[in-house]
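J.: Have a look at this one before I ask anything.
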Amino acid sequence: MDIIEYLRREKKIVDEALDRLVPAADRPPVRLNQAIRHSLIDGGKRLRPILLLAAAQAVGSKKEPLLPFACAMECIHTYSLIHDDLPAMDDDDLRRGRPTCHKQFDEATAILAGDGLLTLAFELAARPIQGVPAKDSLAMVVQLAQDAGIHGMVGGQMMDMEAEEREVELAELQYIHIHKTGALIRSSCMAGACLGGGDATQINKIKRYGEAIGLAFQIADDVLDIVGDSELMGKTIGKDQQQSKATYPALMGVGQARDEANNLVNEALSCLKDFSDDAEPLRALARYITDRTH
Ligand code: GRG
């Protein structure tokens, strides 16, 4: 399948849903809604919602009813980018090819835009979904809270910040990546499989698929920070090296880091071996993780 065309089509579906589900820019509080839309609308690859929809398709489900939950994933991801870019964290000027939220608006507005997106995400994720038992929806909302929070992304970010001050070994770096980046990616895959009506075996296999591509994605991102193109990526690159950050390529070199990411992609693909052709988009997405240039 043509993954680029697939991603373009799916991104359009997600972008249209986000535009419908997020408050309009002229609705009060106008500055807050403008800041949210500045960071959220149109930008980004929409990888997490697309993974959720692809996982649902892999277990034979329709996509449309799951769009609010898929958009919740993007709201959480975008909030994490807004907060990560703040001067107190990464202090970045450019994100998704535009000025970062605090540069375009101001720090306080950027903090509130992130907070607004995080809470909106839970409003969207908790919406009843036609044909999905309420207990499954609730389980995935709890799962999302765990994966986005202290035991997932937020916890991973904290560990990453603490590790900046000292030497980090591979096992610790892997732990950080699994939490900071991997948890939300795995959560997206699992939510799609569960809300799409997959059975326990399918959900478990898609969970393992999500774990493997989540780590592969971060390794590929570390590599792109060295070999990528700032304009294509829409963000400043080379910052990891500049800040002497522990990354996979810093610890093992670009070549071995790439091999590591490829092994993880193969592991992810092996989790899907018993799935039908409906899982082709999930398979293509796994390959795209290491082939992507931005
Ligand atoms: C809780 C403040 C806070 C942060 C959480 C995820 C995260 C930690 C910070 C974001 C910064 C960062 C570089 C994370 C690594 C994950 C990553 C590669 C994010 C970029 O994701 P893409 O490539 O971005 O999917 P787009 O813009 O395409 O959505």
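Identifiers in this document derive from the order of the structure tokens: chains are assigned A, B, ..., residues are numbered from 1 separately in each chain, and ligands are numbered from 1 in order of occurrence.
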I need the residues of stretch 82-131 of chain A that end up classed as strand (DSSP E) by DSSP on the backbone, written out as a PyMOL selection string.
T.: chain A and resi 94-95+98-99
J.: Could you please extract the residues within 8 Å of ligand 1, counting only C-alpha atoms and all ligand atoms, and hand them back as a PyMOL selection string?
T.: chain A and resi 43-48+74+77-85+89+95-96+148-149+153-157+177+180-181+217-218+221-222+234+294
J.: Do a neighbour search on stretch 27-36 of chain A at 8 Å with only C-alpha atoms, toss out local chain neighbours closer than 4 positions, and write the hits as an MDAnalysis selection string.
T.: chainID A and resid 23 40 101 105 109:110 112:114 116:117
J.: Could those residues be written to a file, using C-alpha atoms, as a compact mmCIF listing (two decimals), in the first residue's frame?
T.:
```txt
# COMPACT_ATOMS: atom_id res chain seq x y z
CA PRO A 23 -13.76 25.29 20.27
CA LEU A 40 -3.18 21.95 17.24
CA CYS A 101 2.88 28.56 21.51
CA PHE A 105 1.37 34.18 22.53
CA THR A 109 -1.24 31.44 27.71
CA ALA A 110 0.86 28.48 26.53
CA LEU A 112 -3.20 27.28 29.88
CA ALA A 113 -3.46 26.09 26.26
CA GLY A 114 -1.72 22.86 27.34
CA GLY A 116 -7.04 23.18 28.23
CA LEU A 117 -6.01 20.51 25.71
```
J.: For the atom pair atom CA of A:Ala250 and atom CA of A:Tyr209, what is the interatomic distance in Å to one decimal place?
T.: 25.6 Å
J.: Sort by chain and increasing residue number a table of all residues of stretch 141-201 of chain A within 10 Å of stretch 54-60 of chain A, each with its closest pair of atoms and their distance in Å to one decimal, counting only C-alpha atoms, and write it as JSON lines.
T.:
```
{"residue": "A:Ser188", "atom": "CA", "partner": "A:Ala55", "partner_atom": "CA", "distance": 8.3}
{"residue": "A:Cys189", "atom": "CA", "partner": "A:Ala55", "partner_atom": "CA", "distance": 5.6}
{"residue": "A:Met190", "atom": "CA", "partner": "A:Ala55", "partner_atom": "CA", "distance": 7.5}
{"residue": "A:Ala191", "atom": "CA", "partner": "A:Ala55", "partner_atom": "CA", "distance": 8.1}
{"residue": "A:Gly192", "atom": "CA", "partner": "A:Ala56", "partner_atom": "CA", "distance": 4.3}
{"residue": "A:Ala193", "atom": "CA", "partner": "A:Ala56", "partner_atom": "CA", "distance": 5.0}
{"residue": "A:Cys194", "atom": "CA", "partner": "A:Ala56", "partner_atom": "CA", "distance": 7.7}
{"residue": "A:Leu195", "atom": "CA", "partner": "A:Ala56", "partner_atom": "CA", "distance": 7.1}
{"residue": "A:Gly196", "atom": "CA", "partner": "A:Ala56", "partner_atom": "CA", "distance": 4.5}
{"residue": "A:Gly197", "atom": "CA", "partner": "A:Val59", "partner_atom": "CA", "distance": 6.8}
{"residue": "A:Gly198", "atom": "CA", "partner": "A:Val59", "partner_atom": "CA", "distance": 5.2}
{"residue": "A:Asp199", "atom": "CA", "partner": "A:Val59", "partner_atom": "CA", "distance": 8.3}
```
J.: Skipping near chain neighbours, those fewer than 4 positions away, what residues fall within 8 Å of A:Ile50 using only C-alpha atoms, listed as a VMD selection string?
T.: chain A and resid 7 10 to 11 14 46 54 70
J.: Counting only C-alpha atoms, what is within 8 Å of A:Ala257, bar same-chain residues fewer than 3 positions away, as a list of chain:residue names?
T.: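 Residues near the query, excluding close chain neighbours: A:Ile219, A:Ala220, A:Val223, A:Tyr248, A:Pro249, A:Met252, A:Gly253, A:Val254, A:Glu260, A:Ala261.
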J.: How would the residues just chosen look if you wrote them out with all heavy atoms as a short mmCIF file (atom, residue, chain, number, x, y, z; two decimals), in the first residue's frame?
T.:
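Saved as selection30.cif:
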```
data_model
loop_
_atom_site.label_atom_id
_atom_site.label_comp_id
_atom_site.auth_asym_id
_atom_site.auth_seq_id
_atom_site.Cartn_x
_atom_site.Cartn_y
_atom_site.Cartn_z
N ILE A 219 13.63 6.15 18.97
CA ILE A 219 15.00 5.96 18.47
C ILE A 219 15.14 6.65 17.11
O ILE A 219 16.11 7.37 16.84
CB ILE A 219 15.36 4.45 18.36
CG1 ILE A 219 15.27 3.78 19.73
CG2 ILE A 219 16.75 4.28 17.76
CD1 ILE A 219 15.47 2.27 19.72
N ALA A 220 14.12 6.45 16.25
CA ALA A 220 14.16 7.08 14.92
C ALA A 220 14.19 8.61 15.07
O ALA A 220 14.88 9.31 14.31
CB ALA A 220 12.95 6.65 14.10
N VAL A 223 17.63 9.68 15.90
CA VAL A 223 18.48 9.64 14.71
C VAL A 223 18.19 10.85 13.82
O VAL A 223 19.11 11.53 13.34
CB VAL A 223 18.27 8.31 13.93
CG1 VAL A 223 18.97 8.36 12.57
CG2 VAL A 223 18.77 7.11 14.75
N TYR A 248 19.90 7.28 21.85
CA TYR A 248 20.40 6.02 21.29
C TYR A 248 21.64 6.24 20.41
O TYR A 248 22.66 5.59 20.62
CB TYR A 248 19.28 5.29 20.54
CG TYR A 248 18.53 4.33 21.43
CD1 TYR A 248 17.67 4.82 22.41
CD2 TYR A 248 18.68 2.96 21.32
CE1 TYR A 248 16.99 3.97 23.25
CE2 TYR A 248 17.99 2.09 22.15
CZ TYR A 248 17.15 2.59 23.11
OH TYR A 248 16.48 1.74 23.95
N PRO A 249 21.58 7.16 19.43
CA PRO A 249 22.78 7.35 18.60
C PRO A 249 23.99 7.83 19.41
O PRO A 249 25.12 7.46 19.08
CB PRO A 249 22.37 8.38 17.56
CG PRO A 249 20.99 8.77 17.86
CD PRO A 249 20.42 7.89 18.90
N MET A 252 25.27 4.53 21.11
CA MET A 252 25.73 3.38 20.29
C MET A 252 26.07 3.73 18.85
O MET A 252 26.40 2.84 18.06
CB MET A 252 24.66 2.27 20.33
CG MET A 252 23.30 2.71 19.82
SD MET A 252 22.09 1.37 19.80
CE MET A 252 21.78 1.09 21.50
N GLY A 253 25.97 5.00 18.49
CA GLY A 253 26.24 5.40 17.11
C GLY A 253 24.98 5.30 16.25
O GLY A 253 24.07 4.52 16.56
N VAL A 254 24.96 6.10 15.16
CA VAL A 254 23.75 6.17 14.32
C VAL A 254 23.42 4.81 13.70
O VAL A 254 22.26 4.38 13.68
CB VAL A 254 23.93 7.25 13.21
CG1 VAL A 254 22.84 7.15 12.16
CG2 VAL A 254 23.94 8.64 13.83
N GLU A 260 18.77 -1.09 15.77
CA GLU A 260 17.90 -1.32 16.93
C GLU A 260 16.44 -0.99 16.57
O GLU A 260 15.52 -1.76 16.86
CB GLU A 260 18.39 -0.42 18.07
CG GLU A 260 17.86 -0.75 19.44
CD GLU A 260 18.45 -2.02 20.01
OE1 GLU A 260 19.57 -2.43 19.64
OE2 GLU A 260 17.75 -2.62 20.83
N ALA A 261 16.25 0.15 15.92
CA ALA A 261 14.89 0.57 15.53
C ALA A 261 14.31 -0.44 14.53
O ALA A 261 13.13 -0.82 14.64
CB ALA A 261 14.92 1.97 14.94
#
```
J.: Point out the residue among A:Val265, A:Asp92, A:Gln130, A:Leu21 with the least atom-to-atom distance to A:Lys62, counting only C-alpha atoms.
T.: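 Smallest distance to A:Lys62 is found for A:Gln130.
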J.: Enumerate as a ChimeraX atom specification all residues of stretch 71-279 of chain A assigned to helix (DSSP H, G or I) by DSSP on the backbone, naming them with the chain letters and numbers the document uses.
T.: /A:71-84,101-104,107-125,134-148,153-163,170-195,200-227,230-233,239-242,248-271,277-279
J.: When you draw a straight line from atom CA of A:Asp2 to atom CA of A:Lys63, how long is it in Å?
T.: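 About the pair atom CA of A:Asp2 and atom CA of A:Lys63: they are 19.2 Å apart.
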J.: Please indicate the distance in Å from atom CA of A:Asp291 to atom CA of A:Tyr6, rounded to one decimal place.
T.: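 Those two atoms sit 14.9 Å apart.
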J.: Would you list the contacts of A:Leu224 as a compact mmCIF listing (two decimals) with N, CA and C atoms, in the first residue's frame, taking every protein, DNA or RNA residue within 9 Å and counting only C-alpha atoms, but skipping same-chain residues closer than 6 positions in sequence?
T.:
```txt
# COMPACT_ATOMS: atom_id res chain seq x y z
N MET A 233 11.32 18.87 9.18
CA MET A 233 10.85 18.45 10.50
C MET A 233 10.00 19.54 11.16
N ILE A 237 16.67 21.20 14.88
CA ILE A 237 17.32 19.90 15.07
C ILE A 237 18.75 20.10 15.57
N GLY A 238 19.35 19.00 16.03
CA GLY A 238 20.71 19.07 16.55
C GLY A 238 20.77 19.46 18.01
N ARG A 292 10.71 7.10 7.81
CA ARG A 292 10.28 8.50 7.69
C ARG A 292 11.48 9.46 7.70
N THR A 293 11.26 10.62 7.05
CA THR A 293 12.32 11.62 7.00
C THR A 293 11.96 12.84 7.85
N HIS A 294 10.74 12.85 8.44
CA HIS A 294 10.35 13.96 9.32
C HIS A 294 9.31 13.50 10.32
```
J.: Neighbouring residues of stretch 241-246 of chain A were defined as those with any atom within 10 Å, considering only C-alpha atoms; residues of the same chain fewer than 3 positions away were excluded. Please report them as a short mmCIF file (atom, residue, chain, number, x, y, z; two decimals) with N, CA and C atoms, in the first residue's frame.
T.:
```
data_model
loop_
_atom_site.label_atom_id
_atom_site.label_comp_id
_atom_site.auth_asym_id
_atom_site.auth_seq_id
_atom_site.Cartn_x
_atom_site.Cartn_y
_atom_site.Cartn_z
N ASP A 160 13.48 12.05 32.31
CA ASP A 160 14.35 12.57 31.26
C ASP A 160 15.04 13.84 31.74
N MET A 161 14.28 14.72 32.41
CA MET A 161 14.88 15.97 32.90
C MET A 161 15.94 15.69 33.96
N ALA A 163 17.72 13.06 34.26
CA ALA A 163 18.88 12.36 33.68
C ALA A 163 19.82 13.32 32.96
N GLU A 164 19.35 14.56 32.69
CA GLU A 164 20.19 15.52 31.97
C GLU A 164 21.46 15.86 32.73
N GLU A 165 21.39 15.72 34.04
CA GLU A 165 22.52 16.15 34.87
C GLU A 165 23.64 15.10 34.97
N ARG A 166 23.44 13.91 34.44
CA ARG A 166 24.44 12.85 34.69
C ARG A 166 24.54 11.86 33.53
N GLU A 167 25.47 10.91 33.67
CA GLU A 167 25.64 9.85 32.67
C GLU A 167 24.44 8.91 32.71
N VAL A 168 24.00 8.48 31.54
CA VAL A 168 22.86 7.56 31.49
C VAL A 168 23.25 6.32 30.72
N GLU A 169 22.88 5.16 31.25
CA GLU A 169 23.17 3.92 30.52
C GLU A 169 21.96 3.51 29.69
N LEU A 170 22.21 2.54 28.80
CA LEU A 170 21.17 2.17 27.84
C LEU A 170 19.85 1.75 28.52
N GLU A 172 18.51 2.61 31.30
CA GLU A 172 17.76 3.74 31.84
C GLU A 172 17.16 4.58 30.70
N LEU A 173 17.95 4.75 29.65
CA LEU A 173 17.46 5.51 28.50
C LEU A 173 16.23 4.83 27.90
N ASP A 222 15.49 10.28 17.58
CA ASP A 222 16.86 10.62 18.01
C ASP A 222 17.80 10.67 16.81
N ASP A 225 17.22 13.68 14.70
CA ASP A 225 17.77 14.90 15.32
C ASP A 225 19.22 15.12 14.88
N ILE A 226 19.84 14.04 14.38
CA ILE A 226 21.22 14.17 13.89
C ILE A 226 21.25 14.30 12.37
N ILE A 237 16.67 21.20 14.88
CA ILE A 237 17.32 19.90 15.07
C ILE A 237 18.75 20.10 15.57
N GLY A 238 19.35 19.00 16.03
CA GLY A 238 20.71 19.07 16.55
C GLY A 238 20.77 19.46 18.01
N PRO A 249 21.58 7.16 19.43
CA PRO A 249 22.78 7.35 18.60
C PRO A 249 23.99 7.83 19.41
N ALA A 250 23.74 8.62 20.48
CA ALA A 250 24.89 9.08 21.28
C ALA A 250 25.53 7.90 22.00
N LEU A 251 24.71 6.94 22.44
CA LEU A 251 25.25 5.81 23.19
C LEU A 251 25.84 4.72 22.30
#
```
